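Below is the file data.tsv, which contains TSV, C-alpha atoms.
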chain	number	residue	atom	x	y	z
A	1170	MET	CA	0.00	0.00	0.00
A	1171	LYS	CA	2.80	2.42	0.85
A	1172	LYS	CA	4.55	1.63	-2.43
A	1173	LYS	CA	1.39	2.47	-4.37
A	1174	LEU	CA	0.95	5.75	-2.53
A	1175	LEU	CA	4.59	6.57	-3.06
A	1176	ALA	CA	4.32	5.81	-6.78
A	1177	ALA	CA	1.21	8.00	-7.08
A	1178	ALA	CA	2.87	10.85	-5.25
A	1179	MET	CA	6.03	10.51	-7.32
A	1180	GLY	CA	3.89	10.69	-10.45
A	1181	ILE	CA	2.49	13.99	-9.28
A	1182	TRP	CA	5.97	15.23	-8.56
A	1183	ALA	CA	7.08	14.15	-12.04
A	1184	VAL	CA	4.44	16.48	-13.51
A	1185	TYR	CA	5.24	19.27	-11.16
A	1186	THR	CA	9.04	19.08	-11.02
A	1187	GLY	CA	9.22	22.83	-11.19
A	1188	VAL	CA	7.18	23.08	-8.00
A	1189	LEU	CA	9.45	20.57	-6.24
A	1190	CYS	CA	12.59	22.41	-7.34
A	1191	ALA	CA	11.12	25.67	-6.20
A	1192	ALA	CA	10.15	24.15	-2.86
A	1193	GLU	CA	13.62	22.74	-2.37
A	1194	ALA	CA	15.19	26.05	-3.33
A	1195	VAL	CA	12.97	27.88	-0.89
A	1196	SER	CA	13.76	25.31	1.74
A	1197	ASP	CA	17.49	25.67	1.13
A	1198	GLY	CA	17.11	29.43	1.34
A	1199	ALA	CA	15.12	29.12	4.53
A	1200	ALA	CA	17.79	26.90	6.01
A	1201	ALA	CA	20.48	29.39	5.06
A	1202	GLU	CA	18.61	32.23	6.75
A	1203	ILE	CA	18.24	30.33	10.02
A	1204	THR	CA	20.94	31.35	12.42
A	1205	ASP	CA	20.08	28.93	15.16
A	1206	SER	CA	22.28	25.84	14.82
A	1207	SER	CA	19.59	23.44	16.12
A	1208	ALA	CA	16.86	24.62	13.72
A	1209	SER	CA	19.29	24.89	10.85
A	1210	GLY	CA	20.73	21.44	11.43
A	1211	ALA	CA	17.25	19.86	11.69
A	1212	LEU	CA	16.08	21.54	8.50
A	1213	VAL	CA	19.20	20.53	6.55
A	1214	GLN	CA	18.92	16.89	7.67
A	1215	GLY	CA	15.18	16.88	6.98
A	1216	VAL	CA	15.60	18.19	3.45
A	1217	THR	CA	18.42	15.71	2.80
A	1218	ALA	CA	16.29	12.79	3.97
A	1219	TYR	CA	13.37	14.11	1.87
A	1220	GLN	CA	15.53	14.10	-1.30
A	1221	GLN	CA	16.63	10.57	-0.47
A	1222	GLU	CA	12.97	9.49	0.09
A	1223	ASP	CA	13.78	8.51	3.64
A	1224	TRP	CA	10.40	9.58	4.89
A	1225	ALA	CA	10.77	8.49	8.50
A	1226	THR	CA	13.98	10.51	8.92
A	1227	ALA	CA	12.53	13.44	6.99
A	1228	LEU	CA	9.45	13.50	9.24
A	1229	PHE	CA	11.59	13.43	12.36
A	1230	PHE	CA	13.83	16.39	11.43
A	1231	LEU	CA	11.16	18.45	9.67
A	1232	ARG	CA	8.84	18.20	12.65
A	1233	LYS	CA	11.74	19.25	14.85
A	1234	ALA	CA	12.46	22.23	12.58
A	1235	VAL	CA	8.77	23.26	12.46
A	1236	SER	CA	8.52	23.05	16.26
A	1237	LEU	CA	11.15	25.82	16.58
A	1238	PRO	CA	9.98	29.39	15.89
A	1239	GLU	CA	12.98	30.24	13.75
A	1240	GLY	CA	12.43	27.10	11.62
A	1241	ARG	CA	8.66	27.38	11.13
A	1242	THR	CA	7.94	28.74	7.66
A	1243	GLY	CA	5.38	27.98	4.97
A	1244	ASP	CA	8.00	26.13	2.92
A	1245	THR	CA	9.02	23.95	5.86
A	1246	VAL	CA	5.40	23.08	6.75
A	1247	TYR	CA	4.72	22.22	3.11
A	1248	LEU	CA	7.72	19.85	3.01
A	1249	LEU	CA	6.42	18.25	6.22
A	1250	ILE	CA	2.97	17.75	4.65
A	1251	MET	CA	4.49	16.12	1.57
A	1252	SER	CA	6.64	13.84	3.74
A	1253	GLU	CA	3.52	12.78	5.65
A	1254	MET	CA	1.68	12.06	2.38
A	1255	PHE	CA	4.53	9.94	1.02
A	1256	SER	CA	4.86	8.05	4.30
A	1257	GLY	CA	1.10	7.38	4.48
A	1258	ASP	CA	0.48	9.39	7.64
A	1259	TYR	CA	-2.70	10.93	6.22
A	1260	VAL	CA	-4.25	11.92	9.55
A	1261	SER	CA	-1.21	14.08	10.40
A	1262	ALA	CA	-1.24	15.45	6.85
A	1263	VAL	CA	-4.88	16.58	7.24
A	1264	ASP	CA	-4.05	18.35	10.50
A	1265	ASP	CA	-0.92	20.04	9.11
A	1266	CYS	CA	-2.80	21.12	5.96
A	1267	ALA	CA	-5.40	22.82	8.14
A	1268	VAL	CA	-2.58	24.57	10.03
A	1269	PHE	CA	-0.90	25.67	6.81
A	1270	LEU	CA	-4.14	27.07	5.31
A	1271	GLN	CA	-4.85	28.94	8.53
A	1272	GLU	CA	-1.37	30.42	8.92
A	1273	TYR	CA	-0.48	30.90	5.24
A	1274	PRO	CA	-3.78	31.41	3.33
A	1275	ASP	CA	-2.15	33.38	0.49
A	1276	HIS	CA	1.00	31.32	0.13
A	1277	LEU	CA	2.31	30.15	-3.24
A	1278	TYR	CA	1.70	26.54	-2.24
A	1279	THR	CA	-1.89	27.03	-1.05
A	1280	PRO	CA	-3.47	25.19	-4.06
A	1281	TYR	CA	-1.01	22.33	-3.60
A	1282	VAL	CA	-1.85	22.11	0.09
A	1283	LEU	CA	-5.58	22.06	-0.75
A	1284	TYR	CA	-4.89	19.28	-3.24
A	1285	GLN	CA	-2.99	17.19	-0.67
A	1286	GLN	CA	-5.62	17.88	1.97
A	1287	GLY	CA	-8.36	16.52	-0.31
A	1288	ARG	CA	-6.32	13.41	-1.13
A	1289	ALA	CA	-5.55	12.77	2.56
A	1290	LEU	CA	-9.23	13.07	3.46
A	1291	HIS	CA	-10.10	10.66	0.65
A	1292	PHE	CA	-7.50	8.13	1.83
A	1293	ILE	CA	-8.88	8.10	5.40
A	1294	GLY	CA	-12.43	7.56	4.12
A	1295	LYS	CA	-13.82	11.09	4.57
A	1296	ASN	CA	-14.97	11.31	0.98
A	1297	GLN	CA	-17.62	13.99	1.50
A	1298	ASP	CA	-15.07	16.31	3.11
A	1299	ALA	CA	-12.61	15.44	0.34
A	1300	ALA	CA	-15.23	16.27	-2.31
A	1301	ASP	CA	-15.83	19.66	-0.65
A	1302	VAL	CA	-12.09	20.44	-0.68
A	1303	PHE	CA	-11.65	19.43	-4.35
A	1304	THR	CA	-14.75	21.42	-5.33
A	1305	ALA	CA	-13.38	24.50	-3.59
A	1306	LEU	CA	-9.98	23.98	-5.26
A	1307	CYS	CA	-11.48	23.73	-8.75
A	1308	ALA	CA	-13.69	26.75	-8.14
A	1309	ALA	CA	-10.81	28.89	-6.82
A	1310	TYR	CA	-8.18	27.81	-9.37
A	1311	PRO	CA	-9.92	26.86	-12.66
A	1312	GLU	CA	-6.77	27.59	-14.68
A	1313	HIS	CA	-4.33	25.82	-12.38
A	1314	ASP	CA	-2.28	22.85	-13.52
A	1315	LEU	CA	-3.81	20.77	-10.74
A	1316	TYR	CA	-7.34	21.31	-12.11
A	1317	SER	CA	-7.66	18.03	-14.06
A	1318	SER	CA	-6.08	16.03	-11.22
A	1319	ALA	CA	-8.45	17.68	-8.75
A	1320	LEU	CA	-11.37	16.65	-11.00
A	1321	PHE	CA	-10.08	13.09	-10.98
A	1322	TRP	CA	-9.86	12.90	-7.19
A	1323	LEU	CA	-13.27	14.52	-6.90
A	1324	ALA	CA	-14.60	11.73	-9.14
A	1325	GLU	CA	-12.75	9.20	-7.00
A	1326	SER	CA	-14.47	10.55	-3.88
A	1327	PHE	CA	-17.87	10.03	-5.55
A	1328	TYR	CA	-16.83	6.60	-6.83
A	1329	SER	CA	-15.78	5.43	-3.36
A	1330	GLU	CA	-19.25	6.33	-2.06
A	1331	TYR	CA	-20.88	4.33	-4.92
A	1332	ASN	CA	-22.24	7.54	-6.41
A	1333	TYR	CA	-21.43	6.46	-9.93
A	1334	GLU	CA	-23.41	8.96	-12.01
A	1335	PRO	CA	-21.49	12.14	-11.07
A	1336	ALA	CA	-18.24	10.15	-10.96
A	1337	LYS	CA	-18.84	8.85	-14.48
A	1338	ALA	CA	-19.56	12.36	-15.76
A	1339	LEU	CA	-16.27	13.67	-14.30
A	1340	TYR	CA	-14.27	10.73	-15.70
A	1341	GLU	CA	-15.75	11.32	-19.15
A	1342	ARG	CA	-14.90	15.01	-18.91
A	1343	ILE	CA	-11.29	14.23	-18.00
A	1344	VAL	CA	-10.96	11.78	-20.91
A	1345	SER	CA	-12.50	14.17	-23.43
A	1346	GLU	CA	-11.20	17.56	-22.24
A	1347	PHE	CA	-7.91	16.63	-20.55
A	1348	TYR	CA	-6.79	13.67	-22.63
A	1349	ASP	CA	-3.14	14.70	-22.17
A	1350	SER	CA	-3.48	14.71	-18.38
A	1351	PRO	CA	-1.62	12.01	-16.41
A	1352	LYS	CA	-5.02	11.12	-14.95
A	1353	ALA	CA	-6.68	10.48	-18.32
A	1354	LEU	CA	-5.70	6.80	-18.39
A	1355	ASP	CA	-6.87	6.33	-14.80
A	1356	ALA	CA	-10.15	8.03	-15.68
A	1357	GLN	CA	-10.63	5.70	-18.65
A	1358	TYR	CA	-9.93	2.71	-16.43
A	1359	ARG	CA	-12.60	3.92	-14.01
A	1360	LEU	CA	-15.08	4.36	-16.87
A	1361	ASP	CA	-14.50	0.77	-17.94
A	1362	SER	CA	-14.93	-0.31	-14.34
A	1363	ILE	CA	-18.20	1.61	-14.02
A	1364	ASP	CA	-19.48	0.10	-17.27
A	1365	GLN	CA	-18.59	-3.35	-15.95
A	1366	ARG	CA	-20.33	-2.61	-12.69
A	1367	GLU	CA	-23.38	-1.36	-14.54
A	1368	ARG	CA	-23.49	-4.57	-16.55
A	1369	GLU	CA	-23.10	-6.55	-13.35
A	1370	TYR	CA	-25.87	-4.54	-11.72
A	1371	LYS	CA	-28.14	-5.13	-14.69
A	1372	LEU	CA	-27.36	-8.83	-14.55
A	1373	LEU	CA	-27.98	-8.86	-10.81
A	1374	TYR	CA	-31.21	-6.98	-11.36
A	1375	LEU	CA	-32.33	-9.48	-13.97
A	1376	LEU	CA	-31.35	-12.31	-11.67
A	1377	LYS	CA	-33.22	-10.66	-8.85
A	1378	VAL	CA	-36.32	-10.17	-10.99
A	1379	THR	CA	-36.09	-13.73	-12.28
A	1380	SER	CA	-35.55	-14.99	-8.77
A	1381	GLU	CA	-38.53	-13.01	-7.50
A	1382	GLU	CA	-40.69	-14.33	-10.33
A	1383	TYR	CA	-39.50	-17.85	-9.59
A	1384	LEU	CA	-40.24	-17.39	-5.89
A	1385	ALA	CA	-43.65	-15.94	-6.72
A	1386	ALA	CA	-44.39	-18.89	-9.02
A	1387	LYS	CA	-43.13	-21.29	-6.38
A	1388	GLU	CA	-45.27	-19.68	-3.71
A	1389	ASP	CA	-48.30	-19.77	-6.02
A	1390	TYR	CA	-47.66	-23.44	-6.75
A	1391	ALA	CA	-47.33	-24.17	-3.04
A	1392	ARG	CA	-50.55	-22.24	-2.38
A	1393	GLN	CA	-52.40	-24.13	-5.12
A	1394	LEU	CA	-51.02	-27.41	-3.79
A	1395	ARG	CA	-52.15	-26.56	-0.27
A	1396	LEU	CA	-55.58	-25.59	-1.62
A	1397	TYR	CA	-55.83	-28.83	-3.58
A	1398	GLN	CA	-54.73	-30.85	-0.59
A	1399	SER	CA	-57.26	-29.04	1.59
A	1400	GLU	CA	-60.07	-29.73	-0.89
A	1401	GLU	CA	-58.98	-33.34	-1.20
A	1402	LEU	CA	-58.84	-33.64	2.57
A	1403	LEU	CA	-62.33	-32.16	2.88
A	1404	SER	CA	-63.59	-34.62	0.25
A	1405	LEU	CA	-62.00	-37.51	2.10
A	1406	ARG	CA	-63.52	-36.30	5.33
A	1407	ARG	CA	-66.96	-36.09	3.72
A	1408	GLN	CA	-66.55	-39.61	2.34
A	1409	LEU	CA	-65.42	-40.81	5.74
A	1410	ASN	CA	-68.42	-39.20	7.41
A	1411	GLU	CA	-70.78	-40.77	4.86
A	1412	THR	CA	-69.13	-44.16	5.35
A	1413	GLU	CA	-69.39	-43.84	9.12
A	1414	ALA	CA	-73.06	-42.90	8.79
A	1415	GLN	CA	-73.73	-45.91	6.55
A	1416	LEU	CA	-71.82	-48.12	8.97
A	1417	ALA	CA	-73.90	-46.80	11.88
A	1418	ALA	CA	-77.12	-47.46	9.93
A	1419	THR	CA	-75.90	-50.98	9.13
A	1420	GLU	CA	-75.06	-51.52	12.78
A	1421	ARG	CA	-78.56	-50.39	13.79
A	1422	GLU	CA	-80.15	-52.67	11.19
A	1423	LEU	CA	-77.99	-55.55	12.36
A	1424	GLU	CA	-79.03	-54.89	15.95
A	1425	SER	CA	-82.67	-54.89	14.85
A	1426	VAL	CA	-82.18	-58.20	13.02
A	1427	ARG	CA	-80.42	-59.59	16.05
A	1428	ALA	CA	-83.32	-58.47	18.27
A	1429	GLU	CA	-85.88	-60.04	15.90
A	1430	TYR	CA	-83.82	-63.22	15.76
A	1431	SER	CA	-83.63	-63.27	19.55
A	1432	GLN	CA	-87.41	-62.78	19.78
A	1433	SER	CA	-87.94	-65.56	17.23
A	1434	GLU	CA	-85.75	-67.88	19.28
A	1435	ILE	CA	-87.78	-67.01	22.37
A	1436	LYS	CA	-91.04	-67.71	20.48
A	1437	ILE	CA	-89.66	-70.98	19.17
A	1438	GLN	CA	-88.54	-72.00	22.62
A	1439	THR	CA	-91.98	-71.04	24.01
A	1440	LEU	CA	-93.75	-73.03	21.28
A	1441	GLU	CA	-91.47	-75.99	21.83
A	1442	GLN	CA	-92.14	-75.84	25.56
A	1443	ARG	CA	-95.90	-75.53	24.95
A	1444	ASN	CA	-95.76	-78.39	22.47
A	1445	SER	CA	-93.93	-80.53	24.99
A	1446	GLU	CA	-96.49	-79.69	27.67
A	1447	LEU	CA	-99.42	-80.49	25.33
A	1448	GLN	CA	-97.81	-83.75	24.28
A	1449	GLN	CA	-97.34	-84.68	27.92
A	1450	ALA	CA	-100.97	-83.76	28.68
A	1451	ALA	CA	-102.26	-85.68	25.68
A	1452	GLN	CA	-100.11	-88.64	26.56
A	1453	PHE	CA	-101.42	-88.53	30.09
A	1454	ALA	CA	-105.05	-88.24	28.90
A	1455	LEU	CA	-104.55	-91.03	26.38
A	1456	SER	CA	-103.06	-93.27	29.03
A	1457	ALA	CA	-105.99	-92.48	31.31
A	1458	ALA	CA	-108.46	-93.29	28.55
A	1459	ASP	CA	-106.72	-96.56	27.76
A	1460	THR	CA	-106.81	-97.50	31.39
A	1461	ALA	CA	-110.52	-96.64	31.62
A	1462	LEU	CA	-111.28	-98.69	28.55
A	1463	GLU	CA	-109.38	-101.64	29.92
A	1464	ASP	CA	-111.41	-101.45	33.16
A	1465	ALA	CA	-114.79	-101.36	31.28
A	1466	PRO	CA	-116.94	-104.62	31.27
A	1467	ALA	CA	-116.19	-106.94	28.39
A	1468	SER	CA	-119.89	-107.56	27.79
A	1469	LEU	CA	-120.21	-103.92	26.80
A	1470	GLU	CA	-117.49	-104.17	24.28
A	1471	ASP	CA	-118.88	-107.51	22.85
A	1472	SER	CA	-122.47	-106.36	22.44
A	1473	SER	CA	-123.62	-105.99	18.90
A	1474	GLY	CA	-123.76	-102.59	17.38
A	1475	GLY	CA	-121.09	-101.15	19.57
A	1476	PRO	CA	-121.53	-98.57	22.21
A	1477	GLU	CA	-123.17	-96.06	19.98
A	1478	GLU	CA	-125.92	-98.47	18.96
A	1479	SER	CA	-126.52	-99.55	22.53
A	1480	VAL	CA	-126.85	-95.96	23.59
A	1481	ALA	CA	-129.33	-95.34	20.76
A	1482	ALA	CA	-131.35	-98.41	21.63
A	1483	ALA	CA	-131.47	-97.39	25.24
A	1484	GLU	CA	-132.78	-94.04	24.25
A	1485	GLN	CA	-135.58	-95.78	22.24
A	1486	GLY	CA	-136.69	-97.88	25.14
A	1487	GLY	CA	-134.35	-100.97	24.89
A	1488	ALA	CA	-135.55	-104.62	25.08
A	1489	ALA	CA	-138.98	-105.22	26.59
A	1490	ASP	CA	-137.97	-108.33	28.45
A	1491	ALA	CA	-135.07	-106.73	30.35
A	1492	PRO	CA	-135.67	-105.62	33.85
A	1493	PRO	CA	-135.94	-101.90	34.22
A	1494	ALA	CA	-133.22	-101.63	36.81
A	1495	ALA	CA	-130.85	-103.75	34.84
A	1496	THR	CA	-131.66	-101.83	31.74
A	1497	ALA	CA	-130.90	-98.52	33.44
A	1498	ASP	CA	-127.55	-99.74	34.72
A	1499	SER	CA	-126.61	-101.10	31.35
A	1500	LEU	CA	-127.55	-97.84	29.70
A	1501	GLN	CA	-125.41	-95.84	32.11
A	1502	GLU	CA	-122.44	-98.08	31.52
A	1503	ARG	CA	-122.84	-97.82	27.81
A	1504	THR	CA	-123.07	-94.06	28.05
A	1505	GLU	CA	-119.81	-93.95	29.98
A	1506	VAL	CA	-118.14	-96.20	27.46
A	1507	SER	CA	-119.36	-93.99	24.64
A	1508	ALA	CA	-117.90	-90.95	26.43
A	1509	LEU	CA	-114.60	-92.73	26.78
A	1510	TYR	CA	-114.50	-93.54	23.10
A	1511	GLU	CA	-115.32	-89.94	22.30
A	1512	LEU	CA	-112.55	-88.79	24.60
A	1513	ARG	CA	-110.12	-91.15	22.95
A	1514	ALA	CA	-111.06	-89.84	19.49
A	1515	ARG	CA	-110.52	-86.28	20.64
A	1516	ILE	CA	-107.14	-87.20	22.10
A	1517	ALA	CA	-106.15	-88.79	18.79
A	1518	GLU	CA	-107.24	-85.65	16.95
A	1519	LEU	CA	-105.32	-83.50	19.39
A	1520	ARG	CA	-102.20	-85.61	18.88
A	1521	ARG	CA	-102.54	-85.20	15.14
A	1522	LEU	CA	-102.78	-81.43	15.50
A	1523	LEU	CA	-99.77	-81.41	17.76
A	1524	ASP	CA	-97.80	-83.43	15.25
A	1525	GLU	CA	-98.69	-80.90	12.57
A	1526	GLN	CA	-97.58	-78.01	14.81
A	1527	ASP	CA	-94.36	-79.78	15.76
A	1528	VAL	CA	-91.31	-77.61	14.73
A	1529	PRO	CA	-88.96	-79.48	12.40
A	1530	GLU	CA	-85.51	-80.13	13.86
A	1531	GLY	CA	-82.91	-77.46	12.99
A	1532	GLU	CA	-85.48	-74.75	12.04
A	1533	ASN	CA	-84.56	-72.54	14.98
A	1534	LYS	CA	-80.89	-72.55	14.21
Could you write out this file's structure as structure tokens?
Amino acid sequence: MKKKLLAAAMGIWAVYTGVLCAAEAVSDGAAAEITDSSASGALVQGVTAYQQEDWATALFFLRKAVSLPEGRTGDTVYLLIMSEMFSGDYVSAVDDCAVFLQEYPDHLYTPYVLYQQGRALHFIGKNQDAADVFTALCAAYPEHDLYSSALFWLAESFYSEYNYEPAKALYERIVSEFYDSPKALDAQYRLDSIDQREREYKLLYLLKVTSEEYLAAKEDYARQLRLYQSEELLSLRRQLNETEAQLAATERELESVRAEYSQSEIKIQTLEQRNSELQQAAQFALSAADTALEDAPASLEDSSGGPEESVAAAEQGGAADAPPAATADSLQERTEVSALYELRARIAELRRLLDEQDVPEGENK
């Protein structure tokens, strides 16, 4: 960094060799006029170190000379400022430039000090202050040899703050109006750099726009997908609700069928129990009738015409030769036998009906 600053400063001195020679001559004259040995010795050693580009030594002795009243002149302060610029001590250069402009406002080197003050401010990042100094320099000295260089550093101050439009205008002016200036090539380089930056900015802008459009499309797709998924989810939920409702209805119908089946089983069991009870009753009645028939007199069973005929004959008066009492007893017995036969016939009919009502095996399963 120091080598670059030194090369830039030496380039300026190459253009303004007359100014340097004049400054050295004035410095030599100032040193000759100083009678004090300390101030004179410091000035001589400072100027010698300055000519040898030994900036550290030059700063040491020049500051010593400036600190003494007999060694403090405009020429000596100017040489100190230039030594600070070459050494890169820009903060000290800014301060000493302010001192010089305050103490020697009408000095021969005032425009040069303004020029170095603007450059020092630019190098420490105070570009707005630097732009103000260069603007004042160009306004006060429009015909000065430093004018084109001041325009260049003014453009550099704008460029460093990314204010490319005024910087580009100044660079173009330097290239077109001051094409023989040592800053013309630097100005052209800056123009190319600005054009490249503009192309990069346009590309970045296009990329940004494309990226924003892509993001917008992506967000829209995601929104549509979420909407579709929501609608599909709602549809699935509706289908699920309908299926659950159908399942509930089927469950209710199944419960109803199960209840009817249970009632049918109860009815079947009741009928089977009733059938069993009737069969037992009929069997008991039939057994009783058979027993009664077996106990009846055999003569009643062997009489012609059967019990029904005997009963009919008795009703018509019976045989004339039979005794009345015997006839009455015989008629009563026949009547009882007829009732037994009638009971037996009814029991047989009842058994037939029960057999018809009998539930087939396996029907209730």
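Pairwise distance (CA of Phe1229 in chain A, CA of Leu1248 in chain A) equals 12.0 Å.
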Can you list, as a PDB file with C-alpha atoms, in the frame of the given file, every protein, DNA or RNA residue that comes within 10 Å of Ser1252 in chain A when you count only C-alpha atoms, leaving out same-chain residues fewer than 5 positions away?
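And here's result_14.pdb as it stands now:
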ATOM      1  CA  GLY A1215      15.180  16.880   6.980  1.00  0.00           C
ATOM      2  CA  VAL A1216      15.600  18.190   3.450  1.00  0.00           C
ATOM      3  CA  ALA A1218      16.290  12.790   3.970  1.00  0.00           C
ATOM      4  CA  TYR A1219      13.370  14.110   1.870  1.00  0.00           C
ATOM      5  CA  GLU A1222      12.970   9.490   0.090  1.00  0.00           C
ATOM      6  CA  ASP A1223      13.780   8.510   3.640  1.00  0.00           C
ATOM      7  CA  TRP A1224      10.400   9.580   4.890  1.00  0.00           C
ATOM      8  CA  ALA A1225      10.770   8.490   8.500  1.00  0.00           C
ATOM      9  CA  THR A1226      13.980  10.510   8.920  1.00  0.00           C
ATOM     10  CA  ALA A1227      12.530  13.440   6.990  1.00  0.00           C
ATOM     11  CA  LEU A1228       9.450  13.500   9.240  1.00  0.00           C
ATOM     12  CA  PHE A1229      11.590  13.430  12.360  1.00  0.00           C
ATOM     13  CA  LEU A1231      11.160  18.450   9.670  1.00  0.00           C
ATOM     14  CA  VAL A1246       5.400  23.080   6.750  1.00  0.00           C
ATOM     15  CA  TYR A1247       4.720  22.220   3.110  1.00  0.00           C
ATOM     16  CA  GLY A1257       1.100   7.380   4.480  1.00  0.00           C
ATOM     17  CA  ASP A1258       0.480   9.390   7.640  1.00  0.00           C
ATOM     18  CA  ALA A1262      -1.240  15.450   6.850  1.00  0.00           C
TER      19      ALA A1262
END
Can you tell me how far CA of Tyr1310 in chain A sits from CA of Tyr1358 in chain A, in Å to one decimal?
26.1 Å
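Closest to Tyr1259 in chain A among A:Leu1373, A:Ile1293, A:Gln1271, A:Arg1241 is A:Ile1293, based on all atoms listed in the file.
The interatomic distance for the pair CA of Phe1303 in chain A and CA of Leu1323 in chain A works out to 5.8 Å.
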Residue contacts of Ala1300 in chain A (9 Å, all atoms listed in the file) excluding same-chain residues fewer than 5 positions away, as a count of residues only:
11
